[in-house]
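Chemist: Just one file: entry06.pdb, with PDB, N, CA and C atoms.
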```
ATOM      1  N   MET A 189      -0.718  26.163   7.730
ATOM      2  CA  MET A 189       0.079  25.789   8.890
ATOM      3  C   MET A 189       0.181  24.264   8.944
ATOM      4  N   ALA A 190       1.231  23.785   9.532
ATOM      5  CA  ALA A 190       1.466  22.343   9.639
ATOM      6  C   ALA A 190       0.920  21.802  10.957
ATOM      7  N   VAL A 191       0.795  20.501  11.001
ATOM      8  CA  VAL A 191       0.383  19.815  12.220
ATOM      9  C   VAL A 191       1.476  19.990  13.272
ATOM     10  N   THR A 192       1.065  20.256  14.503
ATOM     11  CA  THR A 192       1.999  20.441  15.610
ATOM     12  C   THR A 192       1.793  19.341  16.646
ATOM     13  N   TRP A 193       2.893  18.734  17.084
ATOM     14  CA  TRP A 193       2.867  17.753  18.170
ATOM     15  C   TRP A 193       3.318  18.451  19.438
ATOM     16  N   ASN A 194       2.621  18.185  20.547
ATOM     17  CA  ASN A 194       2.948  18.819  21.810
ATOM     18  C   ASN A 194       2.798  17.816  22.945
ATOM     19  N   VAL A 195       3.726  17.843  23.868
ATOM     20  CA  VAL A 195       3.640  17.018  25.064
ATOM     21  C   VAL A 195       3.113  17.899  26.190
ATOM     22  N   ASP A 196       2.013  17.457  26.809
ATOM     23  CA  ASP A 196       1.386  18.229  27.875
ATOM     24  C   ASP A 196       1.894  17.857  29.260
ATOM     25  N   LEU A 197       2.291  16.577  29.428
ATOM     26  CA  LEU A 197       2.661  16.115  30.763
ATOM     27  C   LEU A 197       3.490  14.849  30.665
ATOM     28  N   LEU A 198       4.490  14.753  31.528
ATOM     29  CA  LEU A 198       5.299  13.537  31.644
ATOM     30  C   LEU A 198       5.065  12.952  33.033
ATOM     31  N   ASP A 199       4.625  11.699  33.088
ATOM     32  CA  ASP A 199       4.475  11.006  34.365
ATOM     33  C   ASP A 199       5.748  10.206  34.606
ATOM     34  N   ARG A 200       6.282  10.295  35.824
ATOM     35  CA  ARG A 200       7.541   9.609  36.117
ATOM     36  C   ARG A 200       7.499   8.983  37.507
ATOM     37  N   VAL A 201       8.363   8.025  37.694
ATOM     38  CA  VAL A 201       8.538   7.418  39.013
ATOM     39  C   VAL A 201       9.857   7.925  39.590
ATOM     40  N   LYS A 202       9.930   7.971  40.907
ATOM     41  CA  LYS A 202      11.125   8.508  41.565
ATOM     42  C   LYS A 202      12.353   7.665  41.261
ATOM     43  N   THR A 203      12.241   6.346  41.348
ATOM     44  CA  THR A 203      13.361   5.475  41.027
ATOM     45  C   THR A 203      12.871   4.220  40.319
ATOM     46  N   ALA A 204      13.675   3.725  39.413
ATOM     47  CA  ALA A 204      13.433   2.465  38.718
ATOM     48  C   ALA A 204      14.796   1.836  38.481
ATOM     49  N   ASP A 205      15.015   0.693  39.103
ATOM     50  CA  ASP A 205      16.339   0.065  39.096
ATOM     51  C   ASP A 205      17.347   1.084  39.631
ATOM     52  N   SER A 206      18.353   1.414  38.901
ATOM     53  CA  SER A 206      19.360   2.360  39.393
ATOM     54  C   SER A 206      19.133   3.770  38.847
ATOM     55  N   LEU A 207      18.003   3.990  38.174
ATOM     56  CA  LEU A 207      17.740   5.275  37.520
ATOM     57  C   LEU A 207      16.765   6.117  38.347
ATOM     58  N   SER A 208      16.909   7.429  38.263
ATOM     59  CA  SER A 208      16.035   8.346  38.997
ATOM     60  C   SER A 208      15.121   9.099  38.043
ATOM     61  N   HIS A 209      13.907   9.339  38.500
ATOM     62  CA  HIS A 209      12.913  10.118  37.762
ATOM     63  C   HIS A 209      12.752   9.603  36.329
ATOM     64  N   VAL A 210      12.266   8.392  36.255
ATOM     65  CA  VAL A 210      12.102   7.695  34.977
ATOM     66  C   VAL A 210      10.703   7.968  34.427
ATOM     67  N   VAL A 211      10.639   8.512  33.232
ATOM     68  CA  VAL A 211       9.354   8.793  32.578
ATOM     69  C   VAL A 211       8.788   7.482  32.043
ATOM     70  N   GLY A 212       7.537   7.216  32.417
ATOM     71  CA  GLY A 212       6.893   5.987  31.971
ATOM     72  C   GLY A 212       5.646   6.228  31.146
ATOM     73  N   GLN A 213       5.129   7.450  31.201
ATOM     74  CA  GLN A 213       3.895   7.757  30.482
ATOM     75  C   GLN A 213       3.961   9.202  29.996
ATOM     76  N   VAL A 214       3.489   9.407  28.768
ATOM     77  CA  VAL A 214       3.508  10.739  28.168
ATOM     78  C   VAL A 214       2.101  11.090  27.688
ATOM     79  N   HIS A 215       1.622  12.263  28.086
ATOM     80  CA  HIS A 215       0.329  12.791  27.642
ATOM     81  C   HIS A 215       0.626  13.771  26.503
ATOM     82  N   TRP A 216      -0.011  13.575  25.369
ATOM     83  CA  TRP A 216       0.333  14.336  24.174
ATOM     84  C   TRP A 216      -0.914  14.884  23.494
ATOM     85  N   GLU A 217      -0.691  15.839  22.606
ATOM     86  CA  GLU A 217      -1.733  16.315  21.700
ATOM     87  C   GLU A 217      -1.091  16.597  20.350
ATOM     88  N   VAL A 218      -1.909  16.491  19.312
ATOM     89  CA  VAL A 218      -1.502  16.869  17.972
ATOM     90  C   VAL A 218      -2.612  17.772  17.442
ATOM     91  N   TYR A 219      -2.226  18.897  16.828
ATOM     92  CA  TYR A 219      -3.256  19.850  16.393
ATOM     93  C   TYR A 219      -2.770  20.652  15.193
ATOM     94  N   GLU A 220      -3.746  21.308  14.592
ATOM     95  CA  GLU A 220      -3.461  22.264  13.525
ATOM     96  C   GLU A 220      -4.457  23.402  13.659
ATOM     97  N   VAL A 221      -3.974  24.615  13.436
ATOM     98  CA  VAL A 221      -4.801  25.811  13.508
ATOM     99  C   VAL A 221      -4.761  26.496  12.157
ATOM    100  N   ASP A 222      -5.946  26.906  11.689
ATOM    101  CA  ASP A 222      -6.044  27.675  10.450
ATOM    102  C   ASP A 222      -7.031  28.800  10.713
ATOM    103  N   GLY A 223      -6.503  29.987  10.921
ATOM    104  CA  GLY A 223      -7.371  31.114  11.252
ATOM    105  C   GLY A 223      -8.046  30.863  12.594
ATOM    106  N   MET A 224      -9.384  30.900  12.590
ATOM    107  CA  MET A 224     -10.154  30.683  13.811
ATOM    108  C   MET A 224     -10.502  29.211  14.021
ATOM    109  N   HIS A 225     -10.038  28.339  13.172
ATOM    110  CA  HIS A 225     -10.390  26.921  13.239
ATOM    111  C   HIS A 225      -9.226  26.103  13.782
ATOM    112  N   LYS A 226      -9.557  25.184  14.691
ATOM    113  CA  LYS A 226      -8.540  24.307  15.268
ATOM    114  C   LYS A 226      -9.083  22.883  15.312
ATOM    115  N   ALA A 227      -8.237  21.949  14.937
ATOM    116  CA  ALA A 227      -8.582  20.531  15.031
ATOM    117  C   ALA A 227      -7.488  19.869  15.860
ATOM    118  N   ARG A 228      -7.893  18.946  16.761
ATOM    119  CA  ARG A 228      -6.895  18.325  17.615
ATOM    120  C   ARG A 228      -7.293  16.919  18.009
ATOM    121  N   SER A 229      -6.290  16.155  18.374
ATOM    122  CA  SER A 229      -6.450  14.843  18.980
ATOM    123  C   SER A 229      -5.472  14.783  20.138
ATOM    124  N   TYR A 230      -5.767  13.955  21.103
ATOM    125  CA  TYR A 230      -4.874  13.841  22.250
ATOM    126  C   TYR A 230      -4.927  12.428  22.803
ATOM    127  N   GLY A 231      -3.939  12.101  23.592
ATOM    128  CA  GLY A 231      -3.899  10.770  24.166
ATOM    129  C   GLY A 231      -2.715  10.607  25.103
ATOM    130  N   THR A 232      -2.498   9.357  25.480
ATOM    131  CA  THR A 232      -1.420   8.995  26.392
ATOM    132  C   THR A 232      -0.730   7.758  25.858
ATOM    133  N   VAL A 233       0.572   7.720  25.956
ATOM    134  CA  VAL A 233       1.323   6.516  25.598
ATOM    135  C   VAL A 233       2.169   6.100  26.792
ATOM    136  N   HIS A 234       2.335   4.796  26.913
ATOM    137  CA  HIS A 234       3.210   4.225  27.932
ATOM    138  C   HIS A 234       4.539   3.900  27.267
ATOM    139  N   LEU A 235       5.612   4.232  27.937
ATOM    140  CA  LEU A 235       6.942   3.990  27.394
ATOM    141  C   LEU A 235       7.537   2.718  27.986
ATOM    142  N   SER A 236       8.343   2.061  27.203
ATOM    143  CA  SER A 236       9.078   0.893  27.697
ATOM    144  C   SER A 236      10.131   1.374  28.688
ATOM    145  N   PRO A 237      10.502   0.522  29.632
ATOM    146  CA  PRO A 237      11.567   0.926  30.565
ATOM    147  C   PRO A 237      12.841   1.271  29.799
ATOM    148  N   PRO A 238      13.527   2.315  30.222
ATOM    149  CA  PRO A 238      14.717   2.754  29.484
ATOM    150  C   PRO A 238      15.906   1.839  29.723
ATOM    151  N   ASP A 239      16.791   1.852  28.783
ATOM    152  CA  ASP A 239      18.079   1.179  28.900
ATOM    153  C   ASP A 239      19.014   2.163  29.613
ATOM    154  N   ALA A 240      19.668   1.715  30.645
ATOM    155  CA  ALA A 240      20.536   2.606  31.427
ATOM    156  C   ALA A 240      21.613   3.272  30.573
ATOM    157  N   SER A 241      22.052   2.599  29.516
ATOM    158  CA  SER A 241      23.125   3.160  28.683
ATOM    159  C   SER A 241      22.655   4.307  27.790
ATOM    160  N   SER A 242      21.342   4.404  27.558
ATOM    161  CA  SER A 242      20.829   5.485  26.713
ATOM    162  C   SER A 242      19.806   6.351  27.454
ATOM    163  N   PHE A 243      19.798   6.262  28.769
ATOM    164  CA  PHE A 243      18.845   6.995  29.602
ATOM    165  C   PHE A 243      19.102   8.496  29.545
ATOM    166  N   THR A 244      18.030   9.269  29.396
ATOM    167  CA  THR A 244      18.116  10.724  29.433
ATOM    168  C   THR A 244      17.636  11.201  30.803
ATOM    169  N   PRO A 245      18.485  11.847  31.591
ATOM    170  CA  PRO A 245      18.039  12.361  32.890
ATOM    171  C   PRO A 245      16.847  13.307  32.717
ATOM    172  N   TYR A 246      15.936  13.272  33.675
ATOM    173  CA  TYR A 246      14.705  14.051  33.585
ATOM    174  C   TYR A 246      14.983  15.523  33.270
ATOM    175  N   ALA A 247      15.934  16.117  33.937
ATOM    176  CA  ALA A 247      16.235  17.547  33.738
ATOM    177  C   ALA A 247      16.758  17.854  32.340
ATOM    178  N   ASP A 248      17.222  16.828  31.630
ATOM    179  CA  ASP A 248      17.785  17.030  30.294
ATOM    180  C   ASP A 248      16.820  16.702  29.162
ATOM    181  N   ILE A 249      15.626  16.229  29.494
ATOM    182  CA  ILE A 249      14.649  15.880  28.457
ATOM    183  C   ILE A 249      14.180  17.155  27.758
ATOM    184  N   THR A 250      14.188  17.122  26.443
ATOM    185  CA  THR A 250      13.695  18.264  25.662
ATOM    186  C   THR A 250      12.315  17.931  25.095
ATOM    187  N   LYS A 251      11.654  18.955  24.634
ATOM    188  CA  LYS A 251      10.368  18.764  23.972
ATOM    189  C   LYS A 251      10.526  17.835  22.773
ATOM    190  N   GLU A 252      11.619  18.008  22.050
ATOM    191  CA  GLU A 252      11.884  17.170  20.875
ATOM    192  C   GLU A 252      12.052  15.707  21.266
ATOM    193  N   ASP A 253      12.748  15.460  22.395
ATOM    194  CA  ASP A 253      12.894  14.084  22.895
ATOM    195  C   ASP A 253      11.523  13.469  23.163
ATOM    196  N   ALA A 254      10.710  14.196  23.920
ATOM    197  CA  ALA A 254       9.402  13.679  24.315
ATOM    198  C   ALA A 254       8.504  13.430  23.104
ATOM    199  N   ASN A 255       8.513  14.354  22.135
ATOM    200  CA  ASN A 255       7.718  14.152  20.922
ATOM    201  C   ASN A 255       8.201  12.928  20.151
ATOM    202  N   ALA A 256       9.510  12.731  20.098
ATOM    203  CA  ALA A 256      10.065  11.564  19.408
ATOM    204  C   ALA A 256       9.647  10.276  20.114
ATOM    205  N   TRP A 257       9.620  10.286  21.437
ATOM    206  CA  TRP A 257       9.194   9.101  22.192
ATOM    207  C   TRP A 257       7.736   8.775  21.900
ATOM    208  N   VAL A 258       6.904   9.807  21.845
ATOM    209  CA  VAL A 258       5.478   9.603  21.559
ATOM    210  C   VAL A 258       5.311   8.969  20.182
ATOM    211  N   LYS A 259       5.953   9.566  19.187
ATOM    212  CA  LYS A 259       5.815   9.054  17.818
ATOM    213  C   LYS A 259       6.358   7.635  17.692
ATOM    214  N   ALA A 260       7.447   7.329  18.367
ATOM    215  CA  ALA A 260       8.001   5.970  18.331
ATOM    216  C   ALA A 260       7.054   4.985  18.999
ATOM    217  N   ALA A 261       6.466   5.390  20.129
ATOM    218  CA  ALA A 261       5.529   4.506  20.837
ATOM    219  C   ALA A 261       4.254   4.270  20.029
ATOM    220  N   LEU A 262       3.792   5.297  19.319
ATOM    221  CA  LEU A 262       2.586   5.159  18.500
ATOM    222  C   LEU A 262       2.858   4.354  17.233
ATOM    223  N   GLY A 263       4.016   4.527  16.651
ATOM    224  CA  GLY A 263       4.351   3.893  15.381
ATOM    225  C   GLY A 263       3.999   4.791  14.212
ATOM    226  N   SER A 264       4.700   4.631  13.113
ATOM    227  CA  SER A 264       4.537   5.538  11.972
ATOM    228  C   SER A 264       3.150   5.468  11.350
ATOM    229  N   ASP A 265       2.532   4.293  11.324
ATOM    230  CA  ASP A 265       1.188   4.198  10.745
ATOM    231  C   ASP A 265       0.173   5.011  11.554
ATOM    232  N   LYS A 266       0.251   4.922  12.886
ATOM    233  CA  LYS A 266      -0.675   5.659  13.748
ATOM    234  C   LYS A 266      -0.406   7.162  13.667
ATOM    235  N   VAL A 267       0.863   7.555  13.590
ATOM    236  CA  VAL A 267       1.203   8.974  13.454
ATOM    237  C   VAL A 267       0.594   9.529  12.167
ATOM    238  N   THR A 268       0.744   8.798  11.073
ATOM    239  CA  THR A 268       0.168   9.222   9.791
ATOM    240  C   THR A 268      -1.354   9.296   9.890
ATOM    241  N   GLU A 269      -1.964   8.307  10.512
ATOM    242  CA  GLU A 269      -3.424   8.289  10.677
ATOM    243  C   GLU A 269      -3.898   9.506  11.471
ATOM    244  N   LEU A 270      -3.209   9.826  12.556
ATOM    245  CA  LEU A 270      -3.588  10.985  13.371
ATOM    246  C   LEU A 270      -3.429  12.287  12.596
ATOM    247  N   GLU A 271      -2.324  12.458  11.898
ATOM    248  CA  GLU A 271      -2.097  13.693  11.143
ATOM    249  C   GLU A 271      -3.094  13.843  10.002
ATOM    250  N   THR A 272      -3.423  12.749   9.340
ATOM    251  CA  THR A 272      -4.435  12.788   8.282
ATOM    252  C   THR A 272      -5.801  13.126   8.871
ATOM    253  N   GLY A 273      -6.103  12.547  10.014
ATOM    254  CA  GLY A 273      -7.381  12.825  10.687
ATOM    255  C   GLY A 273      -7.521  14.288  11.074
ATOM    256  N   ILE A 274      -6.425  14.895  11.489
ATOM    257  CA  ILE A 274      -6.448  16.317  11.834
ATOM    258  C   ILE A 274      -6.816  17.146  10.607
ATOM    259  N   ALA A 275      -6.233  16.824   9.471
ATOM    260  CA  ALA A 275      -6.534  17.552   8.231
ATOM    261  C   ALA A 275      -8.006  17.413   7.869
ATOM    262  N   VAL A 276      -8.561  16.215   8.035
ATOM    263  CA  VAL A 276      -9.980  15.981   7.735
ATOM    264  C   VAL A 276     -10.863  16.786   8.692
ATOM    265  N   LYS A 277     -10.553  16.745   9.992
ATOM    266  CA  LYS A 277     -11.329  17.504  10.987
ATOM    267  C   LYS A 277     -11.289  19.001  10.690
ATOM    268  N   LEU A 278     -10.102  19.498  10.347
ATOM    269  CA  LEU A 278      -9.958  20.926  10.073
ATOM    270  C   LEU A 278     -10.748  21.329   8.831
ATOM    271  N   ALA A 279     -10.698  20.519   7.794
ATOM    272  CA  ALA A 279     -11.463  20.811   6.577
ATOM    273  C   ALA A 279     -12.964  20.844   6.881
ATOM    274  N   GLU A 280     -13.430  19.929   7.725
ATOM    275  CA  GLU A 280     -14.861  19.905   8.089
ATOM    276  C   GLU A 280     -15.237  21.147   8.885
ATOM    277  N   LYS A 281     -14.376  21.600   9.759
ATOM    278  CA  LYS A 281     -14.674  22.807  10.537
ATOM    279  C   LYS A 281     -14.716  24.053   9.652
ATOM    280  N   LYS A 282     -13.823  24.107   8.661
ATOM    281  CA  LYS A 282     -13.760  25.266   7.775
ATOM    282  C   LYS A 282     -14.922  25.306   6.794
ATOM    283  N   SER A 283     -15.390  24.139   6.386
ATOM    284  CA  SER A 283     -16.475  24.059   5.417
ATOM    285  C   SER A 283     -17.390  22.891   5.815
ATOM    286  N   PRO A 284     -18.256  23.115   6.793
ATOM    287  CA  PRO A 284     -19.054  22.025   7.363
ATOM    288  C   PRO A 284     -19.979  21.341   6.355
ATOM    289  N   THR A 285     -20.052  20.034   6.506
ATOM    290  CA  THR A 285     -20.994  19.228   5.720
ATOM    291  C   THR A 285     -22.003  18.548   6.628
ATOM    292  N   LYS A 286     -21.769  18.600   7.948
ATOM    293  CA  LYS A 286     -22.669  17.990   8.932
ATOM    294  C   LYS A 286     -23.067  19.061   9.940
ATOM    295  N   PHE A 287     -24.308  18.970  10.390
ATOM    296  CA  PHE A 287     -24.834  19.976  11.322
ATOM    297  C   PHE A 287     -25.615  19.307  12.423
ATOM    298  N   SER A 288     -25.682  19.951  13.558
ATOM    299  CA  SER A 288     -26.489  19.506  14.699
ATOM    300  C   SER A 288     -27.323  20.666  15.181
ATOM    301  N   GLY A 289     -28.394  20.365  15.842
ATOM    302  CA  GLY A 289     -29.223  21.417  16.406
ATOM    303  C   GLY A 289     -30.691  21.071  16.321
ATOM    304  N   VAL A 290     -31.487  22.031  16.657
ATOM    305  CA  VAL A 290     -32.948  21.911  16.575
ATOM    306  C   VAL A 290     -33.469  23.143  15.845
ATOM    307  N   PRO A 291     -34.626  23.047  15.192
ATOM    308  CA  PRO A 291     -35.115  24.176  14.396
ATOM    309  C   PRO A 291     -35.749  25.293  15.205
ATOM    310  N   TRP A 292     -35.904  25.169  16.473
ATOM    311  CA  TRP A 292     -36.537  26.237  17.237
ATOM    312  C   TRP A 292     -35.523  26.964  17.997
TER
END
```
What would the structure in this file look like if it were written as structure tokens?
Modeler:
Amino acid sequence: MAVTWNVDLLDRVKTADSLSHVVGQVHWEVYEVDGMHKARSYGTVHLSPPDASSFTPYADITKEDANAWVKAALGSDKVTELETGIAVKLAEKKSPTKFSGVPW
């Protein structure tokens, strides 16, 4: 299975300049599932104020829009780092090399 990006929540303000319901912060997660194993990372990004000429009304925002905003805000290097990290976490869960616990 491939890495999946998901937006959990959009924080918005009622008005900003002449625009209504402007998204300023996005809460996201990236994960991969393989059988019973899941690896994930999550975070929040702040968005730059929108340009009125390219503004997407809140009701028209799609999941794809929000995921694209997250990836643009993070930058391609960070996106690659997160996706690579997910693969490493998942491999460790499937075939552990580190353990915690007590012997009793």
Chemist: How many Å lie between atom CA of Thr285 of chain A and atom C of Thr272 of chain A, rounded to one decimal?
Modeler: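 Rounded to one decimal, the two atoms are 16.7 Å apart.
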Chemist: Would you work out the distance separating atom N of Asn255 of chain A from atom C of Leu235 of chain A, expressed in Å to one decimal?
Modeler: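 Separation of atom N of Asn255 of chain A and atom C of Leu235 of chain A: 13.1 Å.
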Chemist: I need the residue nearest Val191 of chain A from this list: A:Ile249, A:Val218, A:Val233, A:Leu278. Use all atoms listed in the file for the distance.
Modeler: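 Looking only at the distances to Val191 of chain A, the closest residue turns out to be A:Val218.
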Chemist: Just checking: using only N, CA and C atoms, which residue out of A:Val210, A:Pro245, A:Glu217, A:Gly223 ends up closest to Asp196 of chain A?
Modeler: A:Glu217
Chemist: Ranking A:Glu252, A:Val214, A:Ser208, A:Gly263 by minimum distance to Thr232 of chain A and counting only N, CA and C atoms, which one comes first?
Modeler: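 Using only N, CA and C atoms, Thr232 of chain A sits closest to A:Val214.
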Chemist: Check the smallest atom-to-atom distance from each of A:Lys259, A:Arg200, A:Lys251, A:Lys281 to His225 of chain A using all atoms listed in the file, then report the winner.
Modeler: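 Nearest candidate to His225 of chain A out of A:Lys259, A:Arg200, A:Lys251, A:Lys281: A:Lys281.
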Chemist: Taking only N, CA and C atoms into account, which of A:Val211, A:Ala260, A:Ala254, A:Met224 comes nearest Pro238 of chain A?
Modeler: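 Using only N, CA and C atoms, the shortest distance to Pro238 of chain A belongs to A:Val211.
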Chemist: What does the distance from atom CA of Val258 of chain A to atom C of Phe243 of chain A come to in Å, to one decimal?
Modeler: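 Computing it gives 15.8 Å between the two atoms.
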Chemist: Based on DSSP run over this structure's backbone, return all residues of segment 189-291 of chain A in alpha helix (DSSP H), as a VMD selection string.
Modeler: chain A and resid 251 to 262 264 to 282
Chemist: Which residue is closest to Trp257 of chain A? Choose from A:Val276, A:Gly289, A:His234, A:Arg228 and count only N, CA and C atoms.
Modeler: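 Closest to Trp257 of chain A of all the choices is A:His234.
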Chemist: Show me, as lines of an AutoDock Vina configuration file, the centre and edge lengths in Å to one decimal of the axis-aligned box that covers every listed atom of segment 269-282 of chain A with 5 Å on each side.
Modeler:
```
center_x = -8.6
center_y = 16.8
center_z = 10.0
size_x = 23.3
size_y = 27.0
size_z = 16.8
```
Chemist: Just list as a PyMOL selection string whatever in segment 197-290 of chain A DSSP marks as strand (DSSP E or B).
Modeler: chain A and resi 197-204+207-222+225-234
Chemist: Apply the PyMOL selection byres (((chain A and resi 192 and name CA) around 9) and name CA) to the displayed file and report the matching residues as a VMD selection string.
Modeler: chain A and resid 189 to 191 193 to 194 217 to 221
Chemist: Please dump the current selection as a PDB file, in the coordinates of the input; keep N, CA and C atoms.
Modeler:
```pdb
ATOM      1  N   MET A 189      -0.718  26.163   7.730  1.00  0.00           N
ATOM      2  CA  MET A 189       0.079  25.789   8.890  1.00  0.00           C
ATOM      3  C   MET A 189       0.181  24.264   8.944  1.00  0.00           C
ATOM      4  N   ALA A 190       1.231  23.785   9.532  1.00  0.00           N
ATOM      5  CA  ALA A 190       1.466  22.343   9.639  1.00  0.00           C
ATOM      6  C   ALA A 190       0.920  21.802  10.957  1.00  0.00           C
ATOM      7  N   VAL A 191       0.795  20.501  11.001  1.00  0.00           N
ATOM      8  CA  VAL A 191       0.383  19.815  12.220  1.00  0.00           C
ATOM      9  C   VAL A 191       1.476  19.990  13.272  1.00  0.00           C
ATOM     10  N   TRP A 193       2.893  18.734  17.084  1.00  0.00           N
ATOM     11  CA  TRP A 193       2.867  17.753  18.170  1.00  0.00           C
ATOM     12  C   TRP A 193       3.318  18.451  19.438  1.00  0.00           C
ATOM     13  N   ASN A 194       2.621  18.185  20.547  1.00  0.00           N
ATOM     14  CA  ASN A 194       2.948  18.819  21.810  1.00  0.00           C
ATOM     15  C   ASN A 194       2.798  17.816  22.945  1.00  0.00           C
ATOM     16  N   GLU A 217      -0.691  15.839  22.606  1.00  0.00           N
ATOM     17  CA  GLU A 217      -1.733  16.315  21.700  1.00  0.00           C
ATOM     18  C   GLU A 217      -1.091  16.597  20.350  1.00  0.00           C
ATOM     19  N   VAL A 218      -1.909  16.491  19.312  1.00  0.00           N
ATOM     20  CA  VAL A 218      -1.502  16.869  17.972  1.00  0.00           C
ATOM     21  C   VAL A 218      -2.612  17.772  17.442  1.00  0.00           C
ATOM     22  N   TYR A 219      -2.226  18.897  16.828  1.00  0.00           N
ATOM     23  CA  TYR A 219      -3.256  19.850  16.393  1.00  0.00           C
ATOM     24  C   TYR A 219      -2.770  20.652  15.193  1.00  0.00           C
ATOM     25  N   GLU A 220      -3.746  21.308  14.592  1.00  0.00           N
ATOM     26  CA  GLU A 220      -3.461  22.264  13.525  1.00  0.00           C
ATOM     27  C   GLU A 220      -4.457  23.402  13.659  1.00  0.00           C
ATOM     28  N   VAL A 221      -3.974  24.615  13.436  1.00  0.00           N
ATOM     29  CA  VAL A 221      -4.801  25.811  13.508  1.00  0.00           C
ATOM     30  C   VAL A 221      -4.761  26.496  12.157  1.00  0.00           C
TER      31      VAL A 221
END
```
Chemist: What's around Ser236 of chain A at 8 Å? Count all atoms listed in the file, leave out sequence neighbours fewer than 4 positions away in its own chain, and write the answer as a list in words.
Modeler: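 Residues near the query, excluding close chain neighbours: Val211, Gly212, Gln213 and Ala261 of chain A.
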Chemist: For the selection just defined, write its residues with N, CA and C atoms to a file, as a compact mmCIF listing (two decimals), in the frame of the given file.
Modeler:
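The result, written out as result-v2.txt:
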```txt
# COMPACT_ATOMS: atom_id res chain seq x y z
N VAL A 211 10.64 8.51 33.23
CA VAL A 211 9.35 8.79 32.58
C VAL A 211 8.79 7.48 32.04
N GLY A 212 7.54 7.22 32.42
CA GLY A 212 6.89 5.99 31.97
C GLY A 212 5.65 6.23 31.15
N GLN A 213 5.13 7.45 31.20
CA GLN A 213 3.90 7.76 30.48
C GLN A 213 3.96 9.20 30.00
N ALA A 261 6.47 5.39 20.13
CA ALA A 261 5.53 4.51 20.84
C ALA A 261 4.25 4.27 20.03
```
Chemist: Taking the structure I provided as the source, export segment 235-275 of chain A with C-alpha atoms, as a CSV table (one decimal), in the first residue's frame.
Modeler:
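Result written to result-v8.csv:
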```csv
chain,number,residue,atom,x,y,z
A,235,LEU,CA,-1.1,28.9,5.4
A,236,SER,CA,-0.2,32.2,3.9
A,237,PRO,CA,-3.1,34.6,3.5
A,238,PRO,CA,-4.8,33.8,0.2
A,239,ASP,CA,-4.9,36.0,-2.9
A,240,ALA,CA,-8.4,37.2,-3.5
A,241,SER,CA,-8.1,36.3,-7.2
A,242,SER,CA,-7.3,32.6,-6.5
A,243,PHE,CA,-9.3,32.2,-3.3
A,244,THR,CA,-11.3,29.0,-2.9
A,245,PRO,CA,-14.5,29.4,-1.0
A,246,TYR,CA,-14.7,27.2,2.1
A,247,ALA,CA,-17.7,25.2,0.8
A,248,ASP,CA,-15.7,24.4,-2.4
A,249,ILE,CA,-12.5,23.2,-0.8
A,250,THR,CA,-11.8,19.5,-1.7
A,251,LYS,CA,-9.6,17.0,0.1
A,252,GLU,CA,-7.2,17.2,-2.8
A,253,ASP,CA,-7.0,21.0,-2.4
A,254,ALA,CA,-6.2,20.8,1.3
A,255,ASN,CA,-3.6,18.0,0.8
A,256,ALA,CA,-1.9,20.1,-1.9
A,257,TRP,CA,-1.8,23.1,0.5
A,258,VAL,CA,-0.2,21.0,3.2
A,259,LYS,CA,2.4,19.6,0.8
A,260,ALA,CA,3.2,23.1,-0.6
A,261,ALA,CA,3.5,24.6,2.9
A,262,LEU,CA,5.8,21.8,4.0
A,263,GLY,CA,7.9,21.8,0.9
A,264,SER,CA,9.0,18.9,-1.3
A,265,ASP,CA,12.0,18.0,0.9
A,266,LYS,CA,9.9,17.7,4.1
A,267,VAL,CA,7.2,15.7,2.2
A,268,THR,CA,9.9,13.3,1.0
A,269,GLU,CA,11.4,13.1,4.5
A,270,LEU,CA,8.0,12.3,6.1
A,271,GLU,CA,7.1,9.7,3.5
A,272,THR,CA,10.5,8.0,3.9
A,273,GLY,CA,10.1,8.1,7.7
A,274,ILE,CA,6.8,6.3,7.4
A,275,ALA,CA,8.4,3.5,5.4
```
